[in-house]
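Chemist: The structure is given below, and queries will be raised subsequently.
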Number of protein chains: 2
Amino acid sequence: MHIKDLAERAGVTVRAVRYYESRGLITPRREPNGYRAYDDADVGVVREVRALLSLGMTAEETHPFVECLRAGNDRADVCPASLSAYRRRIAEVDARIAELTALRGQLTDLLVQAETYRTHEETA
Amino acid sequence: MHIKDLAERAGVTVRAVRYYESRGLITPRREPNGYRAYDDADVGVVREVRALLSLGMTAEETHPFVECLRAGNDRADVCPASLSAYRRRIAEVDARIAELTALRGQLTDLLVQAETYRTHEETA
DNA sequence: CTTGACCTTGACGCTGGGGTCAAGGTTTAC
DNA sequence: GTAAACCTTGACCCCAGCGTCAAGGTCAAG
């Protein structure tokens, strides 16, 4: 299977596939003419990477899942390292939500203060 | 006042001041030798910009506040446009929190599924 | 006169995940 | 034999907010 076929089956662009390779997520063998050659398992890998990226993970963070698949598992997330990666990501999201919530509080405080100032001291 | 003095008083780097200028947030007059010259009011502008950026606003979004200060107000957020900018930013933060919350839900679902799978089918 | 501390504009680097040419080699189909 | 549809590597572009040189002008102190 050539790169375009893989990309179509996995639902990504050819460019994306090459990008994943540059991040060390797929390593296709090469045909004598230099063309990349993929097998069916690679389709699953690319799909998994896509799914994880859409969950906000970085390419780097998808490594454990990819290795889990390559180890022969039918699910990418049954390995301990994958579970850890999920937990780390959840912790990141929680931290980000906490930051944004604090930020929201500061913004509403500022808004209320500014509105109050306008109401009471506008013509002072 | 030269750029380094302004930067020190406002608590930012010289580079940051020039960046704000490139974004149209400050427009110092020039001395005959080409040096930028600032007045005391500019210190307040730069501080305000810093504060708003740390609240997650973009340089673009700080414009109304800067204009409010330049209009002679002692507070940058008493102008209607500033209040609107606060509200827009709050809405953005809310939207982002909603996204992250949904994401968190997906992640915990996946985590639970993977853990369940491991517990019940590991040796199947 | 020279050092040193300023100042100027210009321009590349960084982070993520690719988009989008460029320029050229290969293979397939007619 | 040639056009279409592939494939290859290389490299610049995007977004934000600067950091960090580069190369050179200015100015006060000794």
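Following the order of the structure tokens, first chain is A, next is B, and so on, with residues numbered from 1 inside each chain and ligands from 1 in the order they appear.
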Could you give me, as CSV, every chain B residue with an atom at most 10 Å from chain C, plus its closest atom pair and distance in Å to one decimal, counting only C-alpha atoms (C1' of nucleotides), rows ordered by chain then number?

Modeler:
```
residue,atom,partner,partner_atom,distance
B:His2,CA,C:DC7,C1',8.8
B:Ile3,CA,C:DC7,C1',8.7
B:Lys4,CA,C:DC6,C1',8.8
B:Asn33,CA,C:DC7,C1',9.0
B:Gly34,CA,C:DT8,C1',7.3
B:Tyr35,CA,C:DC7,C1',6.1
B:Arg36,CA,C:DC7,C1',8.6
```

Chemist: Residues of chain D within 10 Å of chain A, counting only C-alpha atoms (C1' of nucleotides) - could you list those as a list in words?

Modeler: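 The complete set of qualifying residues is DC6, DC7 and DT8 of chain D.
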
Chemist: What would the file look like if the residues just selected were written as a PDB file, in the first residue's frame with N, CA and C atoms (P, O5', C5', C4', C3', O3' and C1' of nucleotides)?

Modeler:
```
ATOM      1  P    DC D   6      -3.942   9.640  -8.169  1.00  0.00           P
ATOM      2  O5'  DC D   6      -2.794   9.043  -7.252  1.00  0.00           O
ATOM      3  C5'  DC D   6      -1.516   9.602  -7.278  1.00  0.00           C
ATOM      4  C4'  DC D   6      -0.469   8.537  -7.435  1.00  0.00           C
ATOM      5  C3'  DC D   6       0.590   8.677  -6.360  1.00  0.00           C
ATOM      6  O3'  DC D   6       0.426   7.725  -5.328  1.00  0.00           O
ATOM      7  C1'  DC D   6       1.568   8.772  -8.554  1.00  0.00           C
ATOM      8  P    DC D   7       0.890   8.151  -3.848  1.00  0.00           P
ATOM      9  O5'  DC D   7       2.476   8.367  -3.984  1.00  0.00           O
ATOM     10  C5'  DC D   7       3.304   7.238  -4.106  1.00  0.00           C
ATOM     11  C4'  DC D   7       4.727   7.625  -4.412  1.00  0.00           C
ATOM     12  C3'  DC D   7       5.351   8.561  -3.371  1.00  0.00           C
ATOM     13  O3'  DC D   7       6.014   7.855  -2.350  1.00  0.00           O
ATOM     14  C1'  DC D   7       5.848   9.280  -5.611  1.00  0.00           C
ATOM     15  P    DT D   8       6.515   8.654  -1.031  1.00  0.00           P
ATOM     16  O5'  DT D   8       7.790   9.474  -1.524  1.00  0.00           O
ATOM     17  C5'  DT D   8       8.942   8.768  -1.958  1.00  0.00           C
ATOM     18  C4'  DT D   8      10.055   9.722  -2.317  1.00  0.00           C
ATOM     19  C3'  DT D   8      10.337  10.784  -1.256  1.00  0.00           C
ATOM     20  O3'  DT D   8      11.264  10.321  -0.303  1.00  0.00           O
ATOM     21  C1'  DT D   8      10.249  11.759  -3.460  1.00  0.00           C
TER      22       DT D   8
END
```

Chemist: If you superpose chain B onto chain A over the full set of Cα atoms in sequence order, what number do you get for the RMSD in Å?

Modeler: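 The superposed chains show a C-alpha RMSD of 0.3 Å.
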
Chemist: Can you list, as a PyMOL selection string, every protein, DNA or RNA residue that comes within 10 Å of segment 109-122 of chain B when you count only C-alpha atoms (C1' of nucleotides), leaving out same-chain residues fewer than 5 positions away?

Modeler: (chain A and resi 75-80+82-87+90) or (chain B and resi 103-104)

Chemist: To test your reading of the structure, identify every residue in chain B that backbone DSSP assigns to alpha helix (DSSP H), and report it as an MDAnalysis selection string.

Modeler: chainID B and resid 3:10 14:22 40:54 63:70 80:121

Chemist: Pick out the residues sitting within 12 Å of Met1 of chain B, and hand them over as a list of chain:residue names; count only C-alpha atoms (C1' of nucleotides), and ignore anything fewer than 5 positions along from it in its own chain.

Modeler: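 Selected residues are B:Leu6, B:Ala7, B:Glu8, B:Arg9, B:Pro28, B:Arg29, B:Arg30, B:Glu31, B:Tyr35, B:Arg36, B:Ala37, B:Tyr38, B:Asp39, B:Asp40, B:Ala41, B:Asp42, B:Val43.
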
Chemist: In Å, with one decimal, what is the gap from atom C1' of DC21 of chain D to atom CA of Asp5 of chain B?

Modeler: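 Taking atom C1' of DC21 of chain D as the start and atom CA of Asp5 of chain B as the end point, the length is 22.3 Å.
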
Chemist: Run DSSP on the backbone and give me the residues of segment 15-112 of chain A it puts in strand (DSSP E), as a VMD selection string.

Modeler: chain A and resid 29 to 30 36 to 37

Chemist: Would you mind exporting the chosen residues as a PDB file, in the first residue's frame, restricted to N, CA and C atoms?

Modeler:
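What landed in selection.pdb:
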```pdb
ATOM      1  N   ARG A  29       8.308   0.609   5.479  1.00  0.00           N
ATOM      2  CA  ARG A  29       9.459   0.109   4.754  1.00  0.00           C
ATOM      3  C   ARG A  29       9.482   0.821   3.407  1.00  0.00           C
ATOM      4  N   ARG A  30      10.592   0.670   2.679  1.00  0.00           N
ATOM      5  CA  ARG A  30      10.711   1.378   1.405  1.00  0.00           C
ATOM      6  C   ARG A  30      10.795   0.389   0.259  1.00  0.00           C
ATOM      7  N   ARG A  36       7.258   4.790  -0.065  1.00  0.00           N
ATOM      8  CA  ARG A  36       6.902   4.230   1.235  1.00  0.00           C
ATOM      9  C   ARG A  36       5.867   3.125   1.040  1.00  0.00           C
ATOM     10  N   ALA A  37       6.017   2.043   1.758  1.00  0.00           N
ATOM     11  CA  ALA A  37       5.063   0.934   1.663  1.00  0.00           C
ATOM     12  C   ALA A  37       4.477   0.633   3.030  1.00  0.00           C
TER      13      ALA A  37
END
```
